[in-house]
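One file, coords20.txt, carrying compact mmCIF, C-alpha atoms and all ligand atoms:
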# COMPACT_ATOMS: atom_id res chain seq x y z
CA MET A 1 116.30 77.12 113.88
CA GLN A 2 119.87 76.75 112.66
CA GLY A 3 120.10 76.35 108.90
CA SER A 4 116.35 76.68 108.31
CA HIS A 5 114.85 79.18 105.91
CA TYR A 6 111.35 80.19 104.94
CA VAL A 7 110.68 81.47 101.42
CA ALA A 8 107.35 83.02 100.43
CA GLY A 9 108.43 84.12 96.96
CA THR A 10 105.63 85.46 94.81
CA PRO A 11 101.85 85.33 94.52
CA ASN A 12 100.34 82.17 93.06
CA ALA A 13 99.94 84.17 89.84
CA TYR A 14 100.86 87.71 88.81
CA ILE A 15 99.63 89.07 85.51
CA GLN A 16 100.43 92.45 84.03
CA GLU A 17 98.69 93.33 80.79
CA PRO A 18 97.21 96.47 79.17
CA GLY A 19 93.40 96.23 79.50
CA LEU A 20 93.53 93.34 81.99
CA ILE A 21 90.71 94.74 84.12
CA GLY A 22 88.27 93.79 81.36
CA ARG A 23 89.38 90.18 81.76
CA ALA A 24 89.60 90.15 85.57
CA GLY A 25 86.34 88.20 85.84
CA GLU A 26 87.75 85.36 83.73
CA TRP A 27 90.78 85.07 86.00
CA ILE A 28 88.81 85.33 89.24
CA SER A 29 86.19 82.80 88.13
CA ARG A 30 88.92 80.15 87.97
CA PHE A 31 89.07 80.32 91.76
CA GLY A 32 85.61 81.30 92.99
CA ARG A 33 82.14 82.58 92.09
CA LYS A 34 81.21 84.49 95.25
CA VAL A 35 83.53 87.34 96.12
CA PHE A 36 83.73 90.26 98.56
CA LEU A 37 85.46 93.36 97.19
CA VAL A 38 87.16 95.95 99.37
CA THR A 39 87.94 99.22 97.64
CA GLY A 40 88.29 102.97 98.11
CA VAL A 41 86.34 105.82 96.56
CA LYS A 42 89.06 106.84 94.07
CA SER A 43 90.11 103.29 93.35
CA TRP A 44 86.57 102.31 92.45
CA GLU A 45 86.29 105.38 90.22
CA ALA A 46 89.44 104.25 88.40
CA ALA A 47 88.56 100.61 87.95
CA GLY A 48 85.03 99.94 89.18
CA ALA A 49 82.92 100.21 86.03
CA LYS A 50 85.10 97.95 83.87
CA LEU A 51 85.72 95.54 86.73
CA ALA A 52 82.03 95.20 87.61
CA ASP A 53 81.21 94.60 83.96
CA SER A 54 83.89 91.93 83.71
CA LEU A 55 82.70 90.20 86.91
CA GLU A 56 79.13 90.17 85.64
CA ARG A 57 80.15 88.69 82.30
CA ALA A 58 82.00 85.94 84.16
CA GLY A 59 78.90 85.17 86.28
CA ILE A 60 80.53 86.18 89.55
CA ASN A 61 78.38 87.13 92.52
CA TYR A 62 80.09 90.09 94.18
CA ARG A 63 79.60 92.62 96.93
CA VAL A 64 81.51 95.91 96.96
CA GLU A 65 82.42 97.63 100.22
CA ARG A 66 84.33 100.92 100.59
CA TYR A 67 86.97 100.86 103.31
CA GLY A 68 87.18 103.69 105.85
CA GLY A 69 90.39 105.31 104.55
CA GLU A 70 92.92 103.78 106.97
CA CYS A 71 94.21 100.23 107.35
CA THR A 72 93.27 99.61 110.99
CA TYR A 73 92.41 96.57 113.08
CA GLY A 74 88.99 98.11 113.69
CA GLU A 75 88.30 98.48 109.99
CA ALA A 76 89.21 94.84 109.28
CA ASP A 77 86.84 93.80 112.11
CA ARG A 78 84.04 95.98 110.74
CA LEU A 79 84.37 94.49 107.26
CA LYS A 80 84.45 90.97 108.70
CA GLN A 81 80.87 91.42 109.88
CA LEU A 82 79.78 92.21 106.32
CA VAL A 83 81.22 89.16 104.57
CA GLU A 84 78.41 86.72 103.83
CA PRO A 85 78.73 82.99 104.48
CA GLY A 86 79.80 81.13 101.36
CA THR A 87 82.12 83.91 100.18
CA GLU A 88 85.05 82.26 98.42
CA LEU A 89 87.48 85.09 97.80
CA ILE A 90 88.38 88.54 99.12
CA VAL A 91 89.36 91.02 96.40
CA GLY A 92 91.26 94.22 97.22
CA VAL A 93 90.93 96.91 94.55
CA GLY A 94 93.06 100.01 95.07
CA ALA A 95 96.26 101.30 96.60
CA GLY A 96 98.40 99.99 99.46
CA LYS A 97 96.11 100.69 102.39
CA VAL A 98 93.03 99.21 100.68
CA THR A 99 95.09 96.18 99.73
CA ASP A 100 96.46 95.74 103.23
CA THR A 101 92.96 96.06 104.71
CA ALA A 102 91.65 93.41 102.30
CA LYS A 103 94.67 91.25 103.12
CA LYS A 104 94.08 91.47 106.87
CA LEU A 105 90.41 90.65 106.29
CA ALA A 106 91.24 87.67 104.03
CA ASN A 107 93.61 86.32 106.64
CA ASP A 108 91.17 86.81 109.52
CA LEU A 109 88.64 84.80 107.50
CA SER A 110 91.17 82.29 106.09
CA LEU A 111 90.03 83.14 102.57
CA PRO A 112 92.27 83.53 99.49
CA LEU A 113 93.11 87.08 98.40
CA VAL A 114 93.01 88.62 94.93
CA THR A 115 94.69 92.02 94.56
CA ILE A 116 93.95 94.50 91.80
CA PRO A 117 96.24 97.50 92.29
CA THR A 118 95.05 100.77 90.77
CA LEU A 119 98.43 102.39 91.45
CA ALA A 120 102.01 101.15 91.31
CA ALA A 121 102.89 102.75 94.63
CA THR A 122 103.92 99.85 96.91
CA CYS A 123 104.52 96.10 96.90
CA ALA A 124 101.43 95.59 99.11
CA PRO A 125 99.59 93.56 96.38
CA VAL A 126 102.09 90.71 96.58
CA THR A 127 103.51 90.72 100.13
CA ASN A 128 102.21 88.51 102.93
CA LEU A 129 101.90 91.21 105.55
CA SER A 130 99.71 94.24 106.32
CA ILE A 131 100.98 97.56 107.62
CA MET A 132 98.57 98.65 110.33
CA TYR A 133 97.84 102.23 111.39
CA THR A 134 95.81 103.97 114.09
CA GLU A 135 92.59 105.77 113.11
CA GLU A 136 94.72 108.94 112.95
CA GLY A 137 97.08 107.39 110.39
CA VAL A 138 100.02 106.82 112.75
CA TYR A 139 102.01 103.64 112.10
CA MET A 140 101.35 100.74 114.53
CA ASP A 141 102.85 97.41 113.42
CA PHE A 142 102.87 94.81 110.66
CA PRO A 143 101.39 91.35 111.22
CA VAL A 144 102.96 88.73 108.89
CA PHE A 145 100.45 86.16 107.61
CA TYR A 146 102.58 83.42 106.04
CA ARG A 147 99.95 83.14 103.31
CA ASN A 148 100.56 84.40 99.81
CA THR A 149 98.26 86.34 97.54
CA LEU A 150 96.38 84.01 95.19
CA LEU A 151 96.20 86.36 92.23
CA THR A 152 97.57 89.81 91.45
CA LEU A 153 96.01 91.45 88.40
CA VAL A 154 97.81 94.55 87.14
CA ASP A 155 96.21 96.50 84.32
CA THR A 156 99.00 98.60 82.79
CA GLU A 157 96.46 101.09 81.43
CA VAL A 158 94.86 101.64 84.85
CA ILE A 159 98.29 102.27 86.40
CA ALA A 160 99.24 104.64 83.56
CA ALA A 161 96.00 106.60 84.05
CA ALA A 162 96.76 107.32 87.74
CA PRO A 163 98.50 110.59 88.67
CA PRO A 164 102.24 110.07 87.98
CA ARG A 165 103.13 111.27 91.47
CA TYR A 166 101.93 107.89 92.79
CA LEU A 167 104.26 106.06 90.46
CA ALA A 168 107.17 108.29 91.50
CA ALA A 169 106.34 107.50 95.15
CA GLY A 170 106.23 103.80 94.31
CA ILE A 171 109.67 104.11 92.79
CA GLY A 172 110.90 105.75 96.03
CA ASP A 173 109.48 102.90 98.11
CA THR A 174 111.08 100.35 95.81
CA ILE A 175 114.62 101.68 95.55
CA ALA A 176 114.62 101.36 99.37
CA LYS A 177 114.71 97.59 98.93
CA TRP A 178 118.36 97.66 97.85
CA VAL A 179 119.50 100.11 100.52
CA GLU A 180 117.55 98.35 103.27
CA SER A 181 118.05 94.69 102.35
CA LYS A 182 121.78 95.32 102.10
CA ALA A 183 121.75 96.74 105.63
CA CYS A 184 119.38 94.10 107.01
CA SER A 185 121.26 91.13 105.56
CA THR A 186 124.66 92.27 106.88
CA GLY A 187 125.91 89.78 109.43
CA LYS A 188 123.06 87.31 108.72
CA PRO A 189 123.53 83.81 107.29
CA GLN A 190 124.18 84.22 103.55
CA ASN A 191 121.95 81.39 102.42
CA LEU A 192 120.77 81.34 98.82
CA PRO A 193 117.32 82.92 99.48
CA THR A 194 119.02 85.83 101.26
CA ILE A 195 121.52 86.33 98.43
CA GLY A 196 118.64 86.04 95.95
CA GLY A 197 116.66 88.67 97.85
CA VAL A 198 119.56 91.12 97.90
CA GLN A 199 120.38 90.49 94.22
CA THR A 200 116.74 91.03 93.30
CA ALA A 201 116.87 94.32 95.17
CA LYS A 202 119.95 95.33 93.18
CA LEU A 203 118.25 94.38 89.89
CA ILE A 204 115.28 96.54 90.89
CA PHE A 205 117.49 99.47 91.89
CA ASP A 206 119.41 99.43 88.59
CA THR A 207 116.21 99.03 86.56
CA LEU A 208 114.52 101.94 88.32
CA LEU A 209 117.50 104.27 88.02
CA ALA A 210 117.68 103.50 84.30
CA ASP A 211 113.98 103.45 83.34
CA SER A 212 112.02 105.65 85.75
CA GLU A 213 112.27 108.97 83.95
CA GLN A 214 111.09 107.45 80.67
CA ALA A 215 108.40 105.39 82.42
CA LEU A 216 106.98 108.50 84.09
CA GLU A 217 106.88 110.30 80.79
CA ASP A 218 105.07 107.31 79.28
CA ALA A 219 102.66 107.20 82.21
CA ARG A 220 101.86 110.89 81.64
CA ALA A 221 101.16 110.13 77.98
CA GLN A 222 99.32 106.94 79.05
CA ARG A 223 101.50 104.74 76.86
CA PRO A 224 102.11 101.19 78.17
CA THR A 225 105.73 101.01 76.93
CA PRO A 226 108.34 98.38 77.91
CA GLU A 227 109.99 100.93 80.27
CA LEU A 228 106.71 101.55 82.05
CA GLN A 229 106.00 97.82 82.24
CA ARG A 230 109.46 97.14 83.70
CA VAL A 231 109.00 99.87 86.32
CA ILE A 232 105.57 98.51 87.29
CA ASP A 233 106.94 94.95 87.59
CA ALA A 234 109.81 96.28 89.70
CA VAL A 235 107.53 98.27 92.01
CA ILE A 236 104.79 95.72 92.52
CA LEU A 237 106.22 92.24 91.95
CA PHE A 238 109.98 92.22 92.28
CA SER A 239 109.97 94.46 95.34
CA GLY A 240 107.68 91.94 97.06
CA MET A 241 110.06 89.16 96.07
CA VAL A 242 112.94 90.72 98.00
CA GLY A 243 111.24 90.02 101.33
CA GLY A 244 109.60 86.93 99.88
CA LEU A 245 112.99 85.38 99.26
CA GLY A 246 115.10 86.84 102.03
CA GLU A 247 112.31 87.15 104.63
CA ASP A 248 113.70 88.39 107.93
CA ASN A 249 117.18 88.81 106.41
CA CYS A 250 115.84 91.20 103.74
CA ARG A 251 113.33 93.31 105.62
CA SER A 252 113.16 97.07 105.85
CA ALA A 253 115.66 98.98 107.94
CA ALA A 254 116.26 102.66 108.74
CA ALA A 255 114.50 104.13 105.69
CA HIS A 256 111.13 102.64 106.64
CA ALA A 257 111.74 103.26 110.34
CA VAL A 258 112.21 106.97 109.55
CA HIS A 259 109.06 106.83 107.41
CA ASN A 260 107.20 105.59 110.49
CA GLY A 261 108.61 108.45 112.53
CA LEU A 262 107.56 110.99 109.90
CA THR A 263 103.92 109.83 110.19
CA THR A 264 103.82 111.63 113.57
CA LEU A 265 104.01 115.01 111.79
CA PRO A 266 100.58 116.21 110.65
CA GLU A 267 102.10 117.87 107.53
CA MET A 268 103.39 114.50 106.38
CA HIS A 269 99.94 112.99 105.99
CA ALA A 270 99.71 114.66 102.61
CA ALA A 271 103.02 113.06 101.54
CA TYR A 272 102.83 109.56 100.10
CA HIS A 273 104.32 106.47 101.73
CA GLY A 274 107.04 106.19 99.08
CA GLU A 275 107.96 109.87 99.39
CA LYS A 276 108.52 109.53 103.13
CA VAL A 277 110.50 106.33 102.52
CA ALA A 278 112.59 108.10 99.86
CA TYR A 279 113.50 110.73 102.45
CA GLY A 280 114.17 107.91 104.92
CA ILE A 281 116.67 106.41 102.46
CA LEU A 282 118.67 109.64 102.58
CA VAL A 283 118.63 109.53 106.38
CA GLN A 284 119.82 105.92 106.26
CA LEU A 285 122.67 106.87 103.91
CA ALA A 286 123.65 109.63 106.35
CA LEU A 287 123.61 107.13 109.24
CA GLU A 288 125.80 104.80 107.17
CA ARG A 289 128.17 107.68 106.30
CA ARG A 290 127.97 106.79 102.61
CA PRO A 291 130.26 108.65 100.20
CA GLU A 292 129.05 111.96 98.83
CA GLU A 293 129.18 110.61 95.28
CA GLU A 294 126.60 107.93 96.05
CA ILE A 295 124.31 110.45 97.74
CA ARG A 296 124.69 112.88 94.84
CA GLU A 297 123.67 110.18 92.35
CA LEU A 298 120.54 109.48 94.36
CA THR A 299 119.51 113.08 95.03
CA GLY A 300 119.98 113.83 91.32
CA PHE A 301 117.71 110.89 90.52
CA TYR A 302 115.15 112.09 93.10
CA ARG A 303 115.05 115.53 91.48
CA SER A 304 114.64 114.02 88.01
CA ILE A 305 111.45 112.19 89.06
CA GLY A 306 110.13 114.58 91.73
CA LEU A 307 110.97 112.75 94.96
CA PRO A 308 111.66 114.80 98.13
CA VAL A 309 115.22 115.62 99.07
CA LYS A 310 114.30 117.80 102.07
CA LEU A 311 111.45 117.85 104.60
CA ARG A 312 110.20 121.07 103.01
CA ASP A 313 109.70 119.16 99.72
CA MET A 314 106.98 117.25 101.63
CA GLY A 315 105.29 120.41 102.85
CA LEU A 316 107.07 121.01 106.16
CA ASP A 317 107.82 124.68 105.68
CA ARG A 318 109.28 125.35 109.14
CA PRO A 319 111.94 123.92 111.46
CA LEU A 320 110.91 120.96 113.63
CA THR A 321 110.19 121.84 117.25
CA GLY A 322 112.14 119.98 119.92
CA ARG A 323 109.03 118.03 120.85
CA GLU A 324 108.32 117.05 117.26
CA MET A 325 111.87 115.84 116.77
CA GLU A 326 111.58 113.79 119.99
CA GLU A 327 108.34 112.20 118.80
CA LEU A 328 109.73 111.54 115.33
CA ILE A 329 112.73 109.82 116.91
CA ARG A 330 110.65 107.87 119.41
CA VAL A 331 108.50 106.32 116.67
CA SER A 332 111.49 105.82 114.32
CA LEU A 333 113.27 103.84 117.02
CA SER A 334 110.18 101.96 118.19
CA PRO A 335 110.78 98.22 118.64
CA GLU A 336 107.61 97.69 116.52
CA GLY A 337 109.45 99.22 113.58
CA THR A 338 112.51 98.15 111.61
CA MET A 339 115.41 100.27 112.92
CA ALA A 340 116.79 97.21 114.73
CA ASN A 341 117.52 95.69 111.30
CA MET A 342 120.40 98.14 110.88
CA PRO A 343 123.76 96.38 111.32
CA PHE A 344 124.84 98.92 113.98
CA PRO A 345 122.96 100.53 116.87
CA VAL A 346 121.08 103.72 115.99
CA THR A 347 120.51 106.09 118.90
CA GLY A 348 118.27 109.12 119.25
CA GLU A 349 121.33 111.34 118.95
CA SER A 350 122.74 109.65 115.84
CA LEU A 351 119.32 109.74 114.18
CA ALA A 352 118.77 113.43 114.98
CA GLU A 353 122.24 114.16 113.63
CA ALA A 354 121.53 112.21 110.41
CA ILE A 355 118.31 114.17 109.84
CA ARG A 356 120.16 117.46 110.44
CA GLN A 357 122.79 116.38 107.91
CA VAL A 358 120.23 115.51 105.23
CA GLU A 359 118.60 118.91 105.78
CA ALA A 360 122.01 120.62 105.48
CA TRP A 361 123.23 118.79 102.35
CA THR A 362 123.69 121.12 99.44
CA TYR A 363 123.44 118.35 96.86
ZN ZN A 401 107.23 100.63 101.87
Show this structure as structure tokens.
Amino acid sequence: MQGSHYVAGTPNAYIQEPGLIGRAGEWISRFGRKVFLVTGVKSWEAAGAKLADSLERAGINYRVERYGGECTYGEADRLKQLVEPGTELIVGVGAGKVTDTAKKLANDLSLPLVTIPTLAATCAPVTNLSIMYTEEGVYMDFPVFYRNTLLTLVDTEVIAAAPPRYLAAGIGDTIAKWVESKACSTGKPQNLPTIGGVQTAKLIFDTLLADSEQALEDARAQRPTPELQRVIDAVILFSGMVGGLGEDNCRSAAAHAVHNGLTTLPEMHAAYHGEKVAYGILVQLALERRPEEEIRELTGFYRSIGLPVKLRDMGLDRPLTGREMEELIRVSLSPEGTMANMPFPVTGESLAEAIRQVEAWTY
């Protein structure tokens, strides 16, 4: 509709605090006493004992269910059968895929969602959509729910205790917001939510370029410093706000589309979401014919925090076969993805050329 805009903004409440997991029960009990928790094996190892203790102290009746390892429609359906009548809240404890599975489940059941990220690797805890995959881990689509997360509880100490590579990947996923929202908003109505989304993305980008190296060092030393806290807020909360404000004018573009294409390569399954997106950013910059100086700044930053600059940095130690390139391009350009958010048409040829350029760059 002409002149209309939808703003989803932020979760109902977002709290970041060192040691917060020990007080999670207090927060959750404000909204419900019977909860269903979805988690993963590693996530539960990281947060389970303290969280369970906190839930018990708050008198919360809870059931814990491990998810199957992929965010699929089938998995959300399976979990749905396990949720007992009278359950008041769904709680997702873990990384992006656990969170998105819990989110899909909460929306299928029309129940509020609490997210407790154990990594700062994506904005999944605060966004109102789930990224769905096949059983084999190949990208499918992203249903948007138009329902915000009730509560996001971020324990700075839990995030700092996770392997720093996850945080670096989260930083890669988050700097994409600036590159992609700028592309996506080009030619769209410049209403205030759109401008706010793009400006938020710029704030995030500048914050991450300035603070990431220090924050990673602090994470390694498990020190919840202001730099680490700023990086976590940027990765989890502010990155979600970009789409929350700008919605369809500030969605992903080529970087995430290329990420989707990369999921077709078996070697890439060991690379993290944010690492593939970081590579996708470089491909987007090549498509946009950005100046060398801008690319240099970014590749230098990537190297300083361990993000991939080449496919081989993600474990692909051989040239792509013709068939693999075709498949990568097919999925990257899929109408289910976000390539159409680029302000100019991207073809199979221009995309293949951009990938070849990124691989050939000497900086
Ligand atoms: Zn992402």
> Which residue out of A:Gly3, A:Ala360, A:Pro163, A:Arg251 has the minimum interatomic distance to Ala221 in chain A when only C-alpha atoms are used?
Replying inline: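 The shortest atom-to-atom distance to Ala221 in chain A comes from A:Pro163.
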> Taking all atoms listed in the file into account, which residues are within 8 Å of ligand ZN 401 (chain A), as a PyMOL selection string?
Replying inline: chain A and resi 122-123+173-174+176+252+256+273-274+277
>> Set the distance at 7 Å and use all atoms listed in the file: which residues neighbour Phe36 in chain A once local chain neighbours fewer than 5 positions away are removed? I'd like the list as a PyMOL selection string.
In response: chain A and resi 62-64+83+87+89-91
> Do you know which residues are at most 9 Å from Phe145 in chain A counting all atoms listed in the file, after dropping those on the same chain fewer than 3 positions away, and could you put them as a VMD selection string?
Replying inline: chain A and resid 103 to 104 107 128 to 130 148
With all atoms listed in the file counted and 12 Å as the cut-off, give the residues of range 142-257 of chain A in contact with range 305-329 of chain A, each with its shortest interatomic distance in Å and the pair that gives it, as a tab-separated table.
residue	atom	partner	partner_atom	distance
A:Pro164	CA	A:Ile305	CA	9.5
A:Arg165	CA	A:Gly306	CA	7.7
A:Tyr166	CA	A:Leu307	CA	10.5
A:Leu167	CA	A:Ile305	CA	9.6
A:Ala168	CA	A:Ile305	CA	6.3
A:Ala169	CA	A:Leu307	CA	7.0
A:Gly170	CA	A:Leu307	CA	10.1
A:Ile171	CA	A:Leu307	CA	9.0
A:Gly172	CA	A:Leu307	CA	7.1
A:Asp173	CA	A:Leu307	CA	10.4
A:Ile175	CA	A:Leu307	CA	11.7
A:Leu208	CA	A:Ile305	CA	10.7
A:Leu209	CA	A:Ile305	CA	10.0
A:Ala210	CA	A:Ile305	CA	11.7
A:Asp211	CA	A:Ile305	CA	10.7
A:Ser212	CA	A:Ile305	CA	7.4
A:Glu213	CA	A:Ile305	CA	6.1
A:Gln214	CA	A:Ile305	CA	9.6
A:Ala215	CA	A:Ile305	CA	10.0
A:Leu216	CA	A:Ile305	CA	7.6
A:Glu217	CA	A:Ile305	CA	9.6
A:Ala254	CA	A:Ile329	CA	11.4
A:Ala257	CA	A:Ile329	CA	9.3
> Looking at A:Trp361, A:Glu247, A:Tyr139, A:Leu287, which one is nearest to Glu349 in chain A, with distances taken over all atoms listed in the file?
Replying inline: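 When distances to Glu349 in chain A are compared using all atoms listed in the file, the smallest one comes from A:Leu287.
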>> Between A:Asp248, A:Glu267, A:Glu157, A:Glu135, which residue has the minimum interatomic distance to Gly74 in chain A, considering all atoms listed in the file?
In response: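 With all atoms listed in the file as the atom set, the closest residue is A:Glu135.
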>> Need the shell around Ala8 in chain A: protein/DNA/RNA residues with any atom at most 12 Å away, counting all atoms listed in the file. Skip same-chain ones fewer than 5 positions apart. Format as a VMD selection string?
In response: chain A and resid 126 to 129 144 to 149 193 197 240 to 248
>> So, with only C-alpha atoms as the atoms that count, which of A:Thr101, A:Glu75, A:Pro11, A:Leu113 lies closest to Phe31 in chain A?
In response: A:Leu113
